[in-house]
>>> print(open('run22.txt').read())   # compact mmCIF, C-alpha atoms
# COMPACT_ATOMS: atom_id res chain seq x y z
CA MET R 1 30.25 17.99 4.64
CA GLU R 2 30.55 15.10 2.21
CA SER R 3 27.69 14.75 -0.22
CA PRO R 4 26.09 11.30 -0.81
CA GLY R 5 25.40 12.15 -4.44
CA GLU R 6 29.00 13.21 -5.10
CA LYS R 7 30.36 10.03 -3.48
CA LEU R 8 28.13 7.88 -5.69
CA LYS R 9 29.08 9.77 -8.84
CA THR R 10 32.82 9.78 -7.98
CA ALA R 11 32.81 6.03 -7.26
CA ARG R 12 31.01 5.31 -10.54
CA ASN R 13 33.47 7.43 -12.55
CA GLU R 14 36.47 5.82 -10.81
CA LYS R 15 35.20 2.43 -11.89
CA GLY R 16 34.67 3.71 -15.44
CA LEU R 17 30.98 2.87 -15.45
CA SER R 18 28.31 4.66 -17.46
CA ILE R 19 24.84 5.31 -16.10
CA ASP R 20 23.44 2.95 -18.76
CA GLN R 21 25.74 0.16 -17.54
CA VAL R 22 24.74 0.77 -13.91
CA SER R 23 21.06 0.68 -14.85
CA HIS R 24 21.54 -2.58 -16.74
CA ASP R 25 23.42 -4.25 -13.85
CA THR R 26 21.20 -3.06 -10.97
CA ASN R 27 17.81 -2.87 -12.73
CA ILE R 28 17.43 0.69 -11.38
CA THR R 29 15.95 3.05 -13.98
CA ILE R 30 18.26 5.72 -15.40
CA ARG R 31 16.25 8.66 -14.06
CA TYR R 32 16.50 7.29 -10.51
CA ILE R 33 20.28 6.83 -10.80
CA GLU R 34 20.65 10.42 -12.06
CA ALA R 35 18.39 11.65 -9.26
CA LEU R 36 20.51 9.88 -6.60
CA GLU R 37 23.73 11.42 -7.95
CA GLU R 38 22.16 14.88 -8.28
CA GLU R 39 20.41 14.53 -4.89
CA ASN R 40 17.08 15.32 -6.52
CA TYR R 41 14.97 13.21 -4.16
CA SER R 42 11.68 14.82 -5.19
CA VAL R 43 11.32 12.39 -8.14
CA PHE R 44 10.90 9.38 -5.80
CA PRO R 45 7.39 8.34 -4.65
CA GLY R 46 8.44 8.21 -0.98
CA GLU R 47 11.20 7.75 1.60
CA PRO R 48 11.30 3.89 1.42
CA TYR R 49 12.10 4.09 -2.30
CA ILE R 50 15.03 6.46 -1.68
CA ILE R 51 16.49 4.27 1.09
CA GLY R 52 16.08 1.10 -0.96
CA PHE R 53 17.73 2.49 -4.11
CA LEU R 54 20.56 4.12 -2.09
CA LYS R 55 21.33 0.71 -0.56
CA ASN R 56 21.23 -0.97 -3.98
CA TYR R 57 23.44 1.60 -5.67
CA SER R 58 25.96 1.87 -2.78
CA ALA R 59 26.37 -1.90 -2.52
CA TYR R 60 26.84 -2.17 -6.30
CA LEU R 61 29.64 0.45 -6.18
CA GLU R 62 31.19 -1.39 -3.19
CA LEU R 63 30.77 1.67 -0.94
CA ASP R 64 29.98 1.66 2.78
CA VAL R 65 26.17 1.44 2.65
CA GLN R 66 25.64 2.70 6.21
CA LYS R 67 27.92 5.68 5.62
CA ILE R 68 25.99 6.67 2.48
CA LEU R 69 22.70 6.39 4.39
CA SER R 70 24.14 8.50 7.24
CA LEU R 71 25.22 11.19 4.76
CA TYR R 72 21.76 11.15 3.20
CA LYS R 73 20.00 11.49 6.59
CA ALA R 74 22.35 14.32 7.62
CA LEU R 75 21.58 16.11 4.34
CA ARG R 76 17.82 15.75 4.93
CA ILE R 77 18.18 17.17 8.45
CA GLN R 78 20.03 20.20 7.07
CA GLU R 79 17.18 20.82 4.62
CA GLN R 80 14.68 21.22 7.48
CA PRO R 81 13.80 24.87 8.25
CA VAL R 82 15.42 26.38 11.36
CA PRO R 83 12.88 27.44 14.03
CA VAL R 84 12.46 31.19 14.18
CA GLU R 85 13.25 31.35 17.90
CA GLN R 86 16.73 29.95 17.19
CA LEU R 87 17.45 32.83 14.80
CA LEU R 88 16.73 35.46 17.49
CA LYS R 89 20.09 35.59 19.19
CA HIS R 90 19.26 38.69 21.24
CA PRO R 91 15.56 38.85 22.00
CA PRO R 92 14.41 42.22 23.38
CA LYS R 93 14.35 42.46 27.15
CA LEU R 94 11.22 43.72 28.91
CA PRO R 95 11.23 45.66 32.19
CA LYS R 96 11.10 43.30 35.17
CA PHE R 97 7.83 44.66 36.55
CA ILE R 98 5.89 44.07 33.29
CA ILE R 99 6.02 40.25 33.37
CA PRO R 100 4.45 39.81 36.87
CA ALA R 101 1.78 42.37 36.01
CA VAL R 102 0.89 40.53 32.78
CA ILE R 103 0.66 37.20 34.64
CA ILE R 104 -1.63 38.64 37.34
CA PHE R 105 -3.98 40.29 34.84
CA GLY R 106 -3.99 37.10 32.75
CA LEU R 107 -4.99 34.94 35.71
CA LEU R 108 -7.76 37.35 36.73
CA GLY R 109 -9.10 37.48 33.20
CA ALA R 110 -8.98 33.70 32.76
CA GLY R 111 -10.74 33.15 36.08
CA GLY R 112 -13.51 35.58 35.24
CA TYR R 113 -13.99 34.12 31.77
CA GLY R 114 -14.11 30.59 33.22
CA ILE R 115 -16.85 31.55 35.70
CA TYR R 116 -18.83 33.22 32.91
CA GLN R 117 -18.57 30.17 30.66
CA PHE R 118 -19.59 27.82 33.50
CA ILE R 119 -22.76 29.83 34.19
CA LEU R 120 -23.56 30.11 30.49
CA ASN R 121 -23.08 26.37 29.86
CA TRP R 122 -25.12 25.45 32.93
CA ARG R 123 -28.07 27.48 31.69
CA ASN R 124 -27.83 26.22 28.11
CA ARG R 125 -26.89 22.61 28.83
CA PRO R 126 -28.68 20.14 26.51
CA VAL R 127 -31.30 17.89 28.03
CA GLN R 128 -29.85 14.84 26.22
CA ASN R 129 -26.51 14.25 24.51
CA THR R 130 -26.69 13.32 20.85
CA ALA R 131 -24.24 10.62 19.69
CA ALA R 132 -22.06 11.48 16.72
CA VAL R 133 -23.36 9.95 13.51
CA ARG R 134 -20.91 8.90 10.80
CA VAL R 135 -21.67 10.43 7.43
CA PRO R 136 -21.55 7.88 4.58
CA VAL R 137 -18.76 8.45 2.07
CA GLU R 138 -19.07 8.16 -1.70
CA TYR R 139 -15.83 7.17 -3.45
CA ILE R 140 -14.89 7.26 -7.13
CA MET R 141 -12.81 4.37 -8.47
CA GLU R 142 -9.86 5.62 -10.51
CA GLY R 143 -8.31 3.18 -12.95
CA ASN R 144 -9.21 -0.50 -13.18
CA SER R 145 -8.91 -1.49 -9.53
CA MET R 146 -9.57 -0.23 -6.02
CA GLU R 147 -9.03 -1.62 -2.49
CA ARG R 148 -10.65 0.22 0.42
CA ARG R 149 -12.39 -0.41 3.72
CA PHE R 150 -16.09 0.41 3.42
CA TYR R 151 -18.59 1.01 6.20
CA LYS R 152 -22.37 0.71 6.13
CA ASN R 153 -23.99 2.98 3.50
CA ASP R 154 -20.62 3.89 1.93
CA SER R 155 -20.72 3.73 -1.86
CA VAL R 156 -18.44 3.77 -4.88
CA LEU R 157 -18.98 5.17 -8.38
CA ILE R 158 -17.48 3.08 -11.19
CA GLN R 159 -17.20 4.32 -14.75
CA LEU R 160 -17.87 1.91 -17.59
CA GLY R 161 -17.72 3.52 -21.01
CA ASN R 162 -19.54 6.83 -20.75
CA GLU R 163 -21.77 5.74 -17.85
CA MET R 164 -21.25 5.84 -14.08
CA TYR R 165 -22.60 2.98 -11.94
CA LYS R 166 -23.09 3.15 -8.19
CA LEU R 167 -22.56 0.28 -5.71
CA GLU R 168 -23.40 0.63 -2.01
CA LEU R 169 -22.52 -1.40 1.08
CA SER R 170 -26.05 -1.74 2.40
CA ASN R 171 -25.58 -4.17 5.29
CA LEU R 172 -22.91 -5.80 7.50
CA SER R 173 -24.02 -8.71 9.66
CA GLU R 174 -23.37 -12.43 9.11
CA ALA R 175 -22.28 -11.50 5.58
CA VAL R 176 -21.62 -8.42 3.45
CA THR R 177 -24.54 -7.13 1.37
CA ILE R 178 -23.72 -4.91 -1.61
CA ARG R 179 -26.43 -3.09 -3.56
CA THR R 180 -25.54 -3.14 -7.29
CA PRO R 181 -27.35 -1.91 -10.44
CA GLY R 182 -28.56 -5.48 -11.00
CA GLY R 183 -29.70 -6.12 -7.41
CA SER R 184 -28.16 -7.01 -4.05
CA VAL R 185 -25.16 -9.34 -3.78
CA ILE R 186 -24.31 -11.17 -0.53
CA LEU R 187 -20.67 -12.20 0.04
CA ASP R 188 -18.88 -14.04 2.81
CA LEU R 189 -15.24 -13.61 3.87
CA SER R 190 -12.76 -14.14 0.97
CA GLN R 191 -15.67 -14.71 -1.39
CA GLU R 192 -15.91 -12.92 -4.72
CA ALA R 193 -18.65 -12.17 -7.23
CA ASN R 194 -18.78 -11.04 -10.85
CA ILE R 195 -21.15 -8.12 -11.49
CA ASP R 196 -22.94 -7.19 -14.71
CA LEU R 197 -23.02 -3.40 -14.43
CA ASN R 198 -24.84 -2.47 -17.64
CA ASN R 199 -27.16 -5.50 -17.84
CA ASP R 200 -25.71 -6.73 -21.13
CA GLY R 201 -25.27 -10.34 -19.99
CA ILE R 202 -21.49 -10.04 -19.46
CA SER R 203 -19.90 -9.42 -16.06
CA GLU R 204 -17.56 -6.44 -16.17
CA LEU R 205 -16.69 -6.05 -12.47
CA ARG R 206 -15.24 -8.47 -9.91
CA ILE R 207 -15.75 -7.81 -6.17
CA THR R 208 -13.82 -9.57 -3.40
CA VAL R 209 -14.42 -9.26 0.35
CA ALA R 210 -10.92 -9.45 1.84
CA ASP R 211 -11.66 -8.73 5.50
CA PHE R 212 -14.63 -8.17 7.84
CA ALA R 213 -15.92 -9.33 11.23
CA ARG R 214 -19.35 -10.93 11.45
CA ASN R 215 -21.92 -8.86 13.34
CA ASN R 216 -19.43 -6.05 13.89
CA ALA R 217 -20.38 -3.21 11.56
CA ASP R 218 -17.93 -0.84 13.28
CA MET R 219 -15.02 -2.73 11.72
CA GLY R 220 -16.35 -2.26 8.20
CA ALA R 221 -15.36 -4.48 5.30
CA LEU R 222 -12.16 -4.40 3.28
CA MET R 223 -13.25 -4.86 -0.34
CA TYR R 224 -11.40 -5.15 -3.64
CA PHE R 225 -12.96 -3.99 -6.93
CA TYR R 226 -11.48 -4.97 -10.29
CA LEU R 227 -12.76 -4.04 -13.77
CA MET R 228 -12.06 -7.04 -15.98
CA ASP R 229 -10.70 -6.77 -19.50
CA ALA R 230 -12.58 -8.25 -22.44
CA ASP R 231 -11.06 -11.74 -22.19
CA ALA R 232 -11.57 -11.98 -18.43
CA ALA R 233 -15.16 -10.78 -18.75
CA TYR R 234 -15.80 -13.33 -21.51
CA ASN R 235 -14.43 -16.15 -19.32
CA ALA R 236 -16.40 -14.92 -16.29
CA ALA R 237 -19.60 -15.24 -18.30
CA GLY R 238 -18.97 -18.99 -18.50
CA ASN R 239 -17.68 -19.10 -22.08
CA ASN R 240 -14.38 -20.75 -21.10
CA GLN R 241 -14.52 -23.21 -18.24
CA ASN R 242 -10.90 -24.38 -18.58
CA ILE R 243 -8.95 -21.20 -17.84
CA PRO R 244 -5.24 -21.84 -18.57
CA PHE R 245 -2.45 -20.93 -16.18
CA ILE R 246 -0.87 -17.51 -16.79
CA MET R 247 2.63 -17.71 -15.42
CA ASN R 248 3.53 -14.05 -16.11
CA PRO R 249 1.05 -11.68 -14.46
CA ALA R 250 3.22 -8.58 -15.05
CA ALA R 251 0.63 -7.06 -17.38
CA SER R 252 -2.43 -8.24 -15.43
CA VAL R 253 -4.10 -6.91 -12.32
CA SER R 254 -5.47 -10.30 -11.25
CA THR R 255 -4.16 -13.71 -12.31
CA THR R 256 -5.02 -17.29 -11.33
CA ILE R 257 -1.98 -19.25 -10.11
CA ILE R 258 -3.67 -22.43 -8.88
CA PRO R 259 -7.14 -23.19 -10.33
CA ALA R 260 -10.25 -24.45 -8.53
CA SER R 261 -9.65 -26.41 -5.31
CA PRO R 262 -12.20 -27.57 -2.70
CA SER R 263 -10.08 -26.06 0.11
CA ALA R 264 -7.47 -23.38 0.69
CA TYR R 265 -4.38 -25.42 1.58
CA PRO R 266 -0.97 -24.11 2.75
CA PHE R 267 1.52 -23.00 0.11
CA THR R 268 5.09 -21.68 -0.04
CA LEU R 269 6.48 -18.68 -1.92
CA GLN R 270 10.07 -19.54 -2.83
CA SER R 271 12.39 -16.68 -3.87
CA ALA R 272 15.91 -16.89 -5.26
CA PHE R 273 17.40 -13.39 -5.56
CA GLN R 274 19.63 -12.56 -8.52
CA GLY R 275 20.10 -8.85 -7.84
CA TYR R 276 19.82 -6.15 -5.20
CA CYS R 277 16.34 -5.66 -3.80
CA MET R 278 14.44 -4.28 -0.83
CA PHE R 279 11.71 -6.87 -0.17
CA ARG R 280 8.84 -6.75 2.35
CA TRP R 281 6.28 -9.41 3.14
CA GLU R 282 3.49 -10.09 5.61
CA ILE R 283 1.26 -13.09 6.25
CA LEU R 284 -2.43 -12.41 5.58
CA ASN R 285 -4.99 -13.87 7.96
CA GLU R 286 -8.74 -13.63 8.00
CA ARG R 287 -9.04 -10.76 10.46
CA ASP R 288 -5.50 -9.64 11.20
CA ARG R 289 -2.12 -9.40 9.52
CA ARG R 290 0.94 -10.74 11.27
CA ASP R 291 4.60 -11.50 10.62
CA ARG R 292 5.43 -8.30 8.72
CA ASN R 293 9.08 -8.39 7.66
CA GLU R 294 11.50 -6.25 5.67
CA LYS R 295 14.96 -7.14 4.45
CA TYR R 296 17.55 -5.97 1.95
CA PHE R 297 18.52 -8.90 -0.30
CA GLN R 298 21.57 -9.37 -2.51
CA ARG R 299 22.63 -11.82 -5.17
CA SER R 300 22.43 -15.53 -4.21
CA ASP R 301 20.11 -14.85 -1.23
CA GLU R 302 17.10 -17.14 -0.84
CA LEU R 303 13.77 -16.81 0.97
CA ASN R 304 10.92 -19.25 1.67
CA ILE R 305 7.60 -17.92 2.99
CA GLN R 306 4.87 -20.32 4.13
CA ALA R 307 1.23 -19.24 4.42
CA GLN R 308 -2.25 -20.69 4.79
CA ASN R 309 -4.49 -17.86 3.54
CA GLY R 310 -2.19 -15.49 1.69
CA ILE R 311 0.91 -13.28 1.51
CA ARG R 312 1.28 -9.56 0.75
CA ILE R 313 4.60 -8.66 -0.92
CA TRP R 314 6.42 -5.40 -1.74
CA SER R 315 9.47 -5.43 -4.00
CA SER R 316 11.67 -2.49 -5.03
CA ASN R 317 12.78 -4.42 -8.12
CA ALA R 318 10.23 -6.84 -9.56
CA GLN R 319 12.78 -8.94 -11.47
CA ALA R 320 15.47 -9.12 -8.81
CA ALA R 321 14.35 -12.63 -7.89
CA LYS R 322 12.96 -15.80 -9.43
CA PHE R 323 9.71 -16.71 -7.69
CA GLN R 324 7.76 -19.91 -7.62
CA ILE R 325 4.68 -21.12 -5.76
CA ILE R 326 4.91 -24.58 -4.17
CA GLY R 327 1.70 -26.24 -3.03
CA GLY R 328 -0.54 -29.21 -3.69
CA GLY R 329 2.35 -31.26 -5.03
CA ARG R 330 3.26 -28.79 -7.76
CA SER R 331 5.76 -25.95 -8.37
CA ILE R 332 4.58 -23.01 -10.44
CA PRO R 333 7.01 -20.28 -11.63
CA LEU R 334 5.80 -16.72 -11.11
CA GLU R 335 6.98 -13.40 -12.56
CA ILE R 336 5.66 -10.35 -10.70
CA GLY R 337 6.79 -7.44 -12.91
CA THR R 338 9.42 -5.79 -15.07
CA PRO R 339 13.05 -4.80 -14.27
CA GLY R 340 13.28 -1.86 -11.87
CA GLU R 341 9.51 -1.84 -11.25
CA VAL R 342 8.13 -1.42 -7.72
CA VAL R 343 5.34 -3.95 -7.17
CA VAL R 344 2.84 -4.41 -4.34
CA ALA R 345 0.66 -7.51 -4.63
CA ASP R 346 -1.32 -10.14 -2.76
CA ILE R 347 -0.95 -13.88 -3.32
CA ARG R 348 -4.04 -15.32 -1.63
CA TRP R 349 -6.88 -17.78 -1.85
CA ILE R 350 -10.21 -16.47 -3.17
CA ARG R 351 -13.49 -18.37 -2.88
CA ASP R 352 -15.74 -18.06 -5.93
CA ASP R 353 -19.51 -18.37 -6.38
CA SER R 354 -19.30 -22.18 -6.56
CA SER R 355 -17.48 -22.34 -3.17
CA GLN R 356 -14.26 -23.39 -4.90
CA TYR R 357 -10.93 -21.79 -3.96
CA ARG R 358 -8.38 -20.33 -6.38
CA LEU R 359 -4.92 -19.03 -5.50
CA MET R 360 -4.73 -15.56 -7.06
CA PHE R 361 -1.98 -13.04 -7.77
CA ILE R 362 -3.55 -9.58 -7.28
CA ARG R 363 -1.57 -6.41 -7.96
CA LEU R 364 -2.47 -3.60 -5.56
CA GLU R 365 -0.31 -0.79 -6.90
CA THR R 366 2.76 -0.41 -9.12
CA GLY R 367 5.47 2.12 -9.74
CA SER R 368 8.66 2.40 -11.76
>>> encode(input="run22.txt", output="structure tokens")
Amino acid sequence: MESPGEKLKTARNEKGLSIDQVSHDTNITIRYIEALEEENYSVFPGEPYIIGFLKNYSAYLELDVQKILSLYKALRIQEQPVPVEQLLKHPPKLPKFIIPAVIIFGLLGAGGYGIYQFILNWRNRPVQNTAAVRVPVEYIMEGNSMERRFYKNDSVLIQLGNEMYKLELSNLSEAVTIRTPGGSVILDLSQEANIDLNNDGISELRITVADFARNNADMGALMYFYLMDADAAYNAAGNNQNIPFIMNPAASVSTTIIPASPSAYPFTLQSAFQGYCMFRWEILNERDRRDRNEKYFQRSDELNIQAQNGIRIWSSNAQAAKFQIIGGGRSIPLEIGTPGEVVVADIRWIRDDSSQYRLMFIRLETGS
């Protein structure tokens, strides 16, 4: 059977291309190109990454993309273990009378055991059924950010310096109540708050409530935690009221795109693709997410996404496209990452403590 890795390598050599040249042209890192040619798929974070990079590389080499994907899927099927029963070509044959005898004895035994269990359960039946109680979960935030759905009495431990600080979701009703080291904080939907963990007068942590249903504690609350760096913490303390635009958020977890506005108005994410890229997007709403899409883009492709509350994006190559945000009579260029980097991020309105809205770029996870 033809090998997808060999076809990629042969096509590259026939065109006289080096791996460095391919990496430069496609923005795919060298180790991923080598892994595709060697069929070492264990280095990729997951199946979507493999499919996306195979499409990029095959299209660049002017190969039949669907054929390469078919070869890859056939190879993966061959790697699956063969069921043991298929390896037993000649299973031992039992005497004909043994099978009916085993069935009869099995039915008698099962019937007797069922009667015994019925009598035992009838005698020991509980007077009243006890409803299952959910046990609160305590999470530990790793790194500088965390997004997770919390339920009542769930908590998170956040490390600042050498100390650990605990925050707990204490109540879910008309709003979300979070118990912090400095006292309780009450947040509404899409509202955020800056928290002073160590009581030094400077807020080190930013909390955002991204999703919850009023008076429905069973749904929980989707919350985002972000440890601010020194400059962001200094600004959050009120030492810099005129925060400048940061057009390149590639090195930041959270970045303001459009500053304070009295309302969250519709905006458009405009994308002009300059390279090969697998791109996914979905429209964010207050309580549900709709319009999830996925498409493989090539050079000269364009995409316009309109949203009221926000957009979640996933890109297999962060610099495959030029992005800009259009809204409120202005166009703002936006860079989401570095060449070959996989980026997952939200572009959404956040309401601050003064009931003003800001359009934020929030990175959820990254990979290279």
>>> atom_distance(input="run22.txt", atom1="CA of Ser300 in chain R", atom2="CA of Tyr72 in chain R")
27.7 Å
>>> closest_residue(input="run22.txt", among="R:Leu227, R:Ile30, R:Ala217, R:Val343", to="Phe279 in chain R", atoms="all atoms listed in the file")
R:Val343
>>> residues_around(input="run22.txt", residues="Tyr357 in chain R", least_positions_apart="4", cutoff="12 Å", atoms="only C-alpha atoms", output="PyMOL selection string")
chain R and resi 190-192+256-265+309+348-353
>>> closest_residue(input="run22.txt", among="R:Leu8, R:Thr208, R:Trp314, R:Lys55", to="Glu34 in chain R", atoms="all atoms listed in the file")
R:Leu8
>>> atom_distance(input="run22.txt", atom1="CA of Arg214 in chain R", atom2="CA of Thr177 in chain R")
12.0 Å
>>> atom_distance(input="run22.txt", atom1="CA of Ser254 in chain R", atom2="CA of Gly143 in chain R")
13.9 Å
>>> closest_residue(input="run22.txt", among="R:Ile195, R:Thr29, R:Gly183, R:Glu294", to="Glu341 in chain R", atoms="only C-alpha atoms")
R:Thr29
>>> closest_residue(input="run22.txt", among="R:Leu334, R:Val185, R:Met360, R:Leu205", to="Ala321 in chain R", atoms="only C-alpha atoms")
R:Leu334
